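A.B. asks: To start, I am sharing the structure in question, which I have written as structure tokens.
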Amino acid sequence: MKIIAGNSNLPLAEEVAAHCFASLVPSEIKAFADGETSVEFLENIRGEDVFIIQSTSTPVNDNLLELLIMIDAAKRSSATRITAVMPYFGYARQDRKSASRTPITAKLVSNLITKAGADRVLTMDLHAGQIQGFFDIPVDDLTSRVAFAKDIKRKLGKKVYQNTVFVSPDAGGTPRARRFADMFNEDIAIVDKRRPKAGESEVMNIIGDVNGRTCVIIDDLVDTAGTLGNAAGALKDFGAKKVVAYCTHAVLSGNAVKNIENSMLDELVVTDTIPLRSEAKTSDRIRQLSVAGMLAESIRRIAEGESLSSMFLD
């Protein structure tokens with residue numbers, strides 16, 4: 001087994017390798033003066049089971065192309081099997097035609113990864129589960145639910161969270177919130193948001209009882225944090241005592257950190273599938289959990305032909 005890291009999230013790759021008692025394959029990944037990416041592995045990987053760790057986060061296109069080139073390099077280096085380990089799968093939100101004459105870019109990306117030579121994809125909390133069907137190769141979609149549940153259980157034990165209710169930020173995320181509610185035998189609530197017409201701000205209503213309770217928002221990613229901040233404000237308006245959010249992927253683009261700081265959100269908990277920006281690291285409202293151990297165990301099980309689903313049995 002050989003583990004190779006791209007440039008998108010080296011700290012996570014190094015932690016995964018440490019959990020696997022392995023060293024990252026030394027490689028030279030650089031850009032030419034005109035922006036072209038060059039990849040060279042400085043160790044023999046012929047006949048090896050290769051795992052390439054690369055999140056396609058910002059800069060998305062650069063990291064995606066780097067991943068494709070690394071897959072091609074591994075294929076041409078005679079690796080026996082190539083697994084693209086993508087803790088964060090960029091373009092996942094473009095999983096359907098949202099309007100006339102628009103692409104389904106998630107399908108295009110899946111085709112590119114397959115065509116480049118990947119034999120398998122390992123990712124975490126896909127924005128839409130049907131993306132697994134875009135691939136003609138096996139896709140393992142891990143969940144951060146275990147890491148989040150452990151953290152929530154610890155907070156409940158310390159009485160930091162009391163009278164908890166799990167909240168979906170929209171109707172589509174209800175199954176995710178329901179899973180957590182069932183785990184802790186708690187209620188759920190749903191943020192119902194609508195825009196009366198173009199140019200008017202969203203009107204938010206809350207379905208469920210949140211008065212005097214700790215609201216735990218569950219989502220797969222946080223981007224600009226505008227909607228998340230609005231949801232926190234609406235929950236507080238409906239009487240919530242505390243509002244915290246657990247989001248797997250910390251995209252945090254634009255003024256996201258500032259939006260969080262200026263919102264009614266008490267805390268945002270994310271994972272390290274995407275490295276935090278400097279301002280996010282220093283924010284006292286943003287806390288990061290590591291999923292390196294989970295990724296490492298998944299890599300070990302894939303390499304040894306063991307079940308992954310058994311890791312998440314409730």
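Here's how to read the names in the structure tokens: chain A, B, ... by the order shown, residue numbers from 1 in each chain, ligand numbers from 1 in the order shown.
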I need the alpha helix (DSSP H) residues of segment 135-233 of chain A per DSSP on the backbone, written as number ranges by chain.

C.D. replies: A: 145-157, 174-184, 226-233

A.B. asks: Would you export the selected residues with N, CA and C atoms as a short mmCIF file (atom, residue, chain, number, x, y, z; two decimals), in the first residue's frame, please?

C.D. replies:
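Wrote it out as part.cif, contents follow:
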data_model
loop_
_atom_site.label_atom_id
_atom_site.label_comp_id
_atom_site.auth_asym_id
_atom_site.auth_seq_id
_atom_site.Cartn_x
_atom_site.Cartn_y
_atom_site.Cartn_z
N ARG A 145 -20.81 11.46 10.70
CA ARG A 145 -21.79 11.32 11.77
C ARG A 145 -21.17 10.77 13.05
N VAL A 146 -20.26 9.81 12.92
CA VAL A 146 -19.64 9.21 14.10
C VAL A 146 -18.82 10.23 14.88
N ALA A 147 -18.00 11.01 14.16
CA ALA A 147 -17.17 12.03 14.81
C ALA A 147 -18.03 13.09 15.47
N PHE A 148 -19.09 13.52 14.78
CA PHE A 148 -19.98 14.54 15.33
C PHE A 148 -20.75 14.00 16.53
N ALA A 149 -21.22 12.76 16.43
CA ALA A 149 -21.99 12.17 17.53
C ALA A 149 -21.16 12.06 18.80
N LYS A 150 -19.90 11.68 18.65
CA LYS A 150 -19.02 11.60 19.82
C LYS A 150 -18.86 12.96 20.47
N ASP A 151 -18.70 14.00 19.66
CA ASP A 151 -18.52 15.35 20.19
C ASP A 151 -19.80 15.83 20.88
N ILE A 152 -20.95 15.56 20.26
CA ILE A 152 -22.22 15.97 20.85
C ILE A 152 -22.46 15.23 22.16
N LYS A 153 -22.14 13.95 22.18
CA LYS A 153 -22.31 13.16 23.41
C LYS A 153 -21.46 13.72 24.53
N ARG A 154 -20.24 14.14 24.19
CA ARG A 154 -19.35 14.73 25.19
C ARG A 154 -19.93 16.04 25.73
N LYS A 155 -20.50 16.85 24.84
CA LYS A 155 -21.10 18.12 25.25
C LYS A 155 -22.33 17.89 26.12
N LEU A 156 -23.10 16.87 25.78
CA LEU A 156 -24.27 16.55 26.59
C LEU A 156 -23.86 16.07 27.97
N GLY A 157 -22.78 15.29 28.02
CA GLY A 157 -22.29 14.79 29.30
C GLY A 157 -21.81 15.89 30.21
N THR A 174 -33.57 17.06 5.96
CA THR A 174 -34.33 16.46 7.06
C THR A 174 -33.85 15.05 7.42
N PRO A 175 -33.59 14.16 6.45
CA PRO A 175 -33.13 12.81 6.82
C PRO A 175 -31.83 12.84 7.64
N ARG A 176 -30.95 13.79 7.33
CA ARG A 176 -29.68 13.89 8.06
C ARG A 176 -29.94 14.27 9.52
N ALA A 177 -30.81 15.26 9.72
CA ALA A 177 -31.14 15.68 11.08
C ALA A 177 -31.90 14.58 11.82
N ARG A 178 -32.78 13.87 11.10
CA ARG A 178 -33.55 12.79 11.71
C ARG A 178 -32.64 11.68 12.23
N ARG A 179 -31.57 11.40 11.48
CA ARG A 179 -30.64 10.34 11.91
C ARG A 179 -30.01 10.70 13.26
N PHE A 180 -29.61 11.95 13.42
CA PHE A 180 -29.03 12.38 14.69
C PHE A 180 -30.08 12.36 15.80
N ALA A 181 -31.28 12.82 15.48
CA ALA A 181 -32.36 12.84 16.48
C ALA A 181 -32.67 11.43 16.98
N ASP A 182 -32.65 10.47 16.05
CA ASP A 182 -32.91 9.08 16.46
C ASP A 182 -31.77 8.54 17.33
N MET A 183 -30.53 8.94 17.02
CA MET A 183 -29.39 8.47 17.80
C MET A 183 -29.48 8.92 19.24
N PHE A 184 -29.98 10.15 19.44
CA PHE A 184 -30.01 10.73 20.79
C PHE A 184 -31.43 10.77 21.37
N GLY A 226 -24.06 32.64 4.96
CA GLY A 226 -25.16 33.60 5.00
C GLY A 226 -26.46 32.95 5.45
N THR A 227 -26.82 31.85 4.80
CA THR A 227 -28.05 31.14 5.16
C THR A 227 -27.96 30.57 6.57
N LEU A 228 -26.78 30.07 6.93
CA LEU A 228 -26.59 29.51 8.27
C LEU A 228 -26.80 30.59 9.33
N GLY A 229 -26.26 31.78 9.07
CA GLY A 229 -26.44 32.89 10.00
C GLY A 229 -27.90 33.30 10.11
N ASN A 230 -28.59 33.33 8.96
CA ASN A 230 -30.02 33.68 8.97
C ASN A 230 -30.83 32.65 9.74
N ALA A 231 -30.48 31.37 9.55
CA ALA A 231 -31.18 30.31 10.26
C ALA A 231 -30.98 30.43 11.77
N ALA A 232 -29.74 30.74 12.18
CA ALA A 232 -29.45 30.91 13.61
C ALA A 232 -30.26 32.06 14.18
N GLY A 233 -30.35 33.16 13.42
CA GLY A 233 -31.14 34.30 13.87
C GLY A 233 -32.61 33.96 14.00
#

A.B. asks: When you draw a straight line from atom CA of Gly212 of chain A to atom CA of Lys242 of chain A, how long is it in Å?

C.D. replies: 8.1 Å

A.B. asks: Determine, using only C-alpha atoms, which residues of segment 55-128 of chain A have any atom at most 7 Å from an atom of segment 270-288 of chain A, and tabulate each with its shortest atom pair and distance in Å to one decimal place, rows ordered by chain and then rising number, as a Markdown table.

C.D. replies:
| residue | atom | partner | partner_atom | distance |
| --- | --- | --- | --- | --- |
| A:Ser55 | CA | A:Ile274 | CA | 6.9 |
| A:Ser57 | CA | A:Ile274 | CA | 6.7 |
| A:Pro87 | CA | A:Thr273 | CA | 5.1 |
| A:Tyr88 | CA | A:Thr273 | CA | 5.8 |

A.B. asks: Quick one: everything within 8 Å of Leu142 of chain A, counting only C-alpha atoms, minus sequence neighbours fewer than 5 positions away in the same chain. Send it as a VMD selection string.

C.D. replies: chain A and resid 122 to 125

A.B. asks: Quick one: residues within 6 Å of segment 256-258 of chain A, only C-alpha atoms counted, chain neighbours fewer than 3 positions away excluded, as an mmCIF file with N, CA and C atoms, in the first residue's frame?

C.D. replies:
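For reference, selection.cif as written:
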data_model
loop_
_atom_site.group_PDB
_atom_site.id
_atom_site.type_symbol
_atom_site.label_atom_id
_atom_site.label_comp_id
_atom_site.auth_asym_id
_atom_site.auth_seq_id
_atom_site.Cartn_x
_atom_site.Cartn_y
_atom_site.Cartn_z
ATOM 1 N N THR A 224 -20.725 30.358 2.275
ATOM 2 C CA THR A 224 -20.618 31.764 2.682
ATOM 3 C C THR A 224 -21.169 31.994 4.084
ATOM 4 N N ALA A 225 -21.887 31.025 4.608
ATOM 5 C CA ALA A 225 -22.482 31.062 5.959
ATOM 6 C C ALA A 225 -23.608 32.083 6.074
ATOM 7 N N LEU A 252 -16.216 27.841 3.531
ATOM 8 C CA LEU A 252 -15.959 29.175 4.093
ATOM 9 C C LEU A 252 -15.365 30.156 3.070
ATOM 10 N N SER A 253 -16.098 30.373 2.008
ATOM 11 C CA SER A 253 -15.630 31.291 0.966
ATOM 12 C C SER A 253 -16.094 32.717 1.246
ATOM 13 N N GLU A 261 -19.071 35.485 12.589
ATOM 14 C CA GLU A 261 -18.782 36.338 13.744
ATOM 15 C C GLU A 261 -19.923 37.320 14.029
#

A.B. asks: Can you pull out every residue from segment 40-237 of chain A that DSSP, working from the backbone, puts in strand (DSSP E), and format the result as a PyMOL selection string?

C.D. replies: chain A and resi 40-41+49-53+81-86+120-124+139-142+164-168+187-194+203-207+214-222

A.B. asks: Any idea what's packed within 12 Å of segment 301-312 of chain A, counting only C-alpha atoms, ignoring anything in its chain fewer than 5 positions away? Could you give it as a PyMOL selection string?

C.D. replies: chain A and resi 1-3+20+48-51+80-85+119-122+138-147+149+293-296

A.B. asks: For Thr56 of chain A, please output as number ranges by chain all residues within 12 Å (counting only C-alpha atoms; exclusion window: fewer than 3 positions along the same chain).

C.D. replies: A: 6-9, 53, 59-68, 84-92, 106, 109, 113, 123, 249, 251, 273-275

A.B. asks: I need the residue nearest Ser23 of chain A from this list: A:Val191, A:Val244, A:Ala5, A:Ile217. Use only C-alpha atoms for the distance.

C.D. replies: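 Of the candidates, the smallest distance to Ser23 of chain A is held by A:Ala5.
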
A.B. asks: Kindly give the distance, in Å, that separates atom CA of Glu14 of chain A and atom CA of Leu268 of chain A, rounded to a single decimal.

C.D. replies: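 Value for the atom CA of Glu14 of chain A-atom CA of Leu268 of chain A distance: 24.8 Å.
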
A.B. asks: Find the residues around segment 33-40 of chain A up to 9 Å (only C-alpha atoms counted), leave out those fewer than 3 positions away in its own chain, and share them as a PyMOL selection string.

C.D. replies: chain A and resi 26-30+62+65-66+69-70+73

A.B. asks: Would you output that residue set with all heavy atoms, as a compact mmCIF listing (two decimals), in the first residue's frame?

C.D. replies:
# COMPACT_ATOMS: atom_id res chain seq x y z
N PRO A 26 7.29 10.21 -1.52
CA PRO A 26 7.87 11.50 -1.90
C PRO A 26 7.54 11.80 -3.36
O PRO A 26 7.65 10.93 -4.24
CB PRO A 26 9.38 11.29 -1.70
CG PRO A 26 9.57 9.81 -1.73
CD PRO A 26 8.32 9.21 -1.18
N SER A 27 7.10 13.00 -3.60
CA SER A 27 6.72 13.38 -4.95
C SER A 27 7.06 14.84 -5.18
O SER A 27 7.22 15.62 -4.24
CB SER A 27 5.22 13.16 -5.18
OG SER A 27 4.46 13.84 -4.20
N GLU A 28 7.18 15.19 -6.44
CA GLU A 28 7.47 16.55 -6.83
C GLU A 28 6.30 17.07 -7.66
O GLU A 28 6.10 16.67 -8.80
CB GLU A 28 8.76 16.59 -7.65
CG GLU A 28 9.31 18.00 -7.87
CD GLU A 28 10.68 17.99 -8.53
OE1 GLU A 28 11.67 17.72 -7.83
OE2 GLU A 28 10.73 18.23 -9.75
N ILE A 29 5.52 17.93 -7.04
CA ILE A 29 4.35 18.51 -7.71
C ILE A 29 4.59 20.01 -7.79
O ILE A 29 4.67 20.69 -6.78
CB ILE A 29 3.05 18.22 -6.92
CG1 ILE A 29 2.89 16.72 -6.72
CG2 ILE A 29 1.85 18.79 -7.66
CD1 ILE A 29 1.73 16.34 -5.80
N LYS A 30 4.71 20.49 -8.98
CA LYS A 30 5.02 21.91 -9.15
C LYS A 30 4.30 22.46 -10.37
O LYS A 30 3.71 21.72 -11.17
CB LYS A 30 6.54 22.09 -9.32
CG LYS A 30 7.13 21.35 -10.51
CD LYS A 30 8.65 21.50 -10.56
CE LYS A 30 9.23 20.75 -11.77
NZ LYS A 30 10.71 20.87 -11.82
N ASP A 62 -7.62 24.01 -9.90
CA ASP A 62 -6.21 23.61 -9.79
C ASP A 62 -6.08 22.28 -9.06
O ASP A 62 -5.32 21.39 -9.48
CB ASP A 62 -5.42 24.68 -9.03
CG ASP A 62 -5.23 25.95 -9.84
OD1 ASP A 62 -5.51 25.93 -11.06
OD2 ASP A 62 -4.82 26.97 -9.27
N LEU A 65 -7.43 19.33 -11.29
CA LEU A 65 -6.51 18.94 -12.36
C LEU A 65 -5.28 18.25 -11.79
O LEU A 65 -4.76 17.28 -12.37
CB LEU A 65 -6.10 20.17 -13.17
CG LEU A 65 -5.39 19.86 -14.50
CD1 LEU A 65 -6.27 19.01 -15.40
CD2 LEU A 65 -5.00 21.15 -15.22
N GLU A 66 -4.82 18.71 -10.63
CA GLU A 66 -3.67 18.07 -9.97
C GLU A 66 -4.00 16.63 -9.64
O GLU A 66 -3.18 15.72 -9.82
CB GLU A 66 -3.31 18.85 -8.71
CG GLU A 66 -2.05 18.38 -8.02
CD GLU A 66 -1.71 19.24 -6.81
OE1 GLU A 66 -1.37 20.44 -7.02
OE2 GLU A 66 -1.81 18.74 -5.68
N ILE A 69 -3.96 14.52 -12.85
CA ILE A 69 -2.60 14.27 -13.31
C ILE A 69 -1.90 13.25 -12.42
O ILE A 69 -1.17 12.38 -12.91
CB ILE A 69 -1.81 15.60 -13.35
CG1 ILE A 69 -2.41 16.53 -14.42
CG2 ILE A 69 -0.33 15.36 -13.65
CD1 ILE A 69 -1.84 17.93 -14.41
N MET A 70 -2.14 13.30 -11.12
CA MET A 70 -1.55 12.31 -10.22
C MET A 70 -2.10 10.90 -10.50
O MET A 70 -1.35 9.92 -10.46
CB MET A 70 -1.81 12.69 -8.76
CG MET A 70 -0.96 13.84 -8.26
SD MET A 70 -1.05 14.04 -6.46
CE MET A 70 -2.75 14.55 -6.27
N ALA A 73 -0.41 9.73 -13.62
CA ALA A 73 0.99 9.40 -13.33
C ALA A 73 1.09 8.04 -12.65
O ALA A 73 1.97 7.22 -12.95
CB ALA A 73 1.63 10.48 -12.47
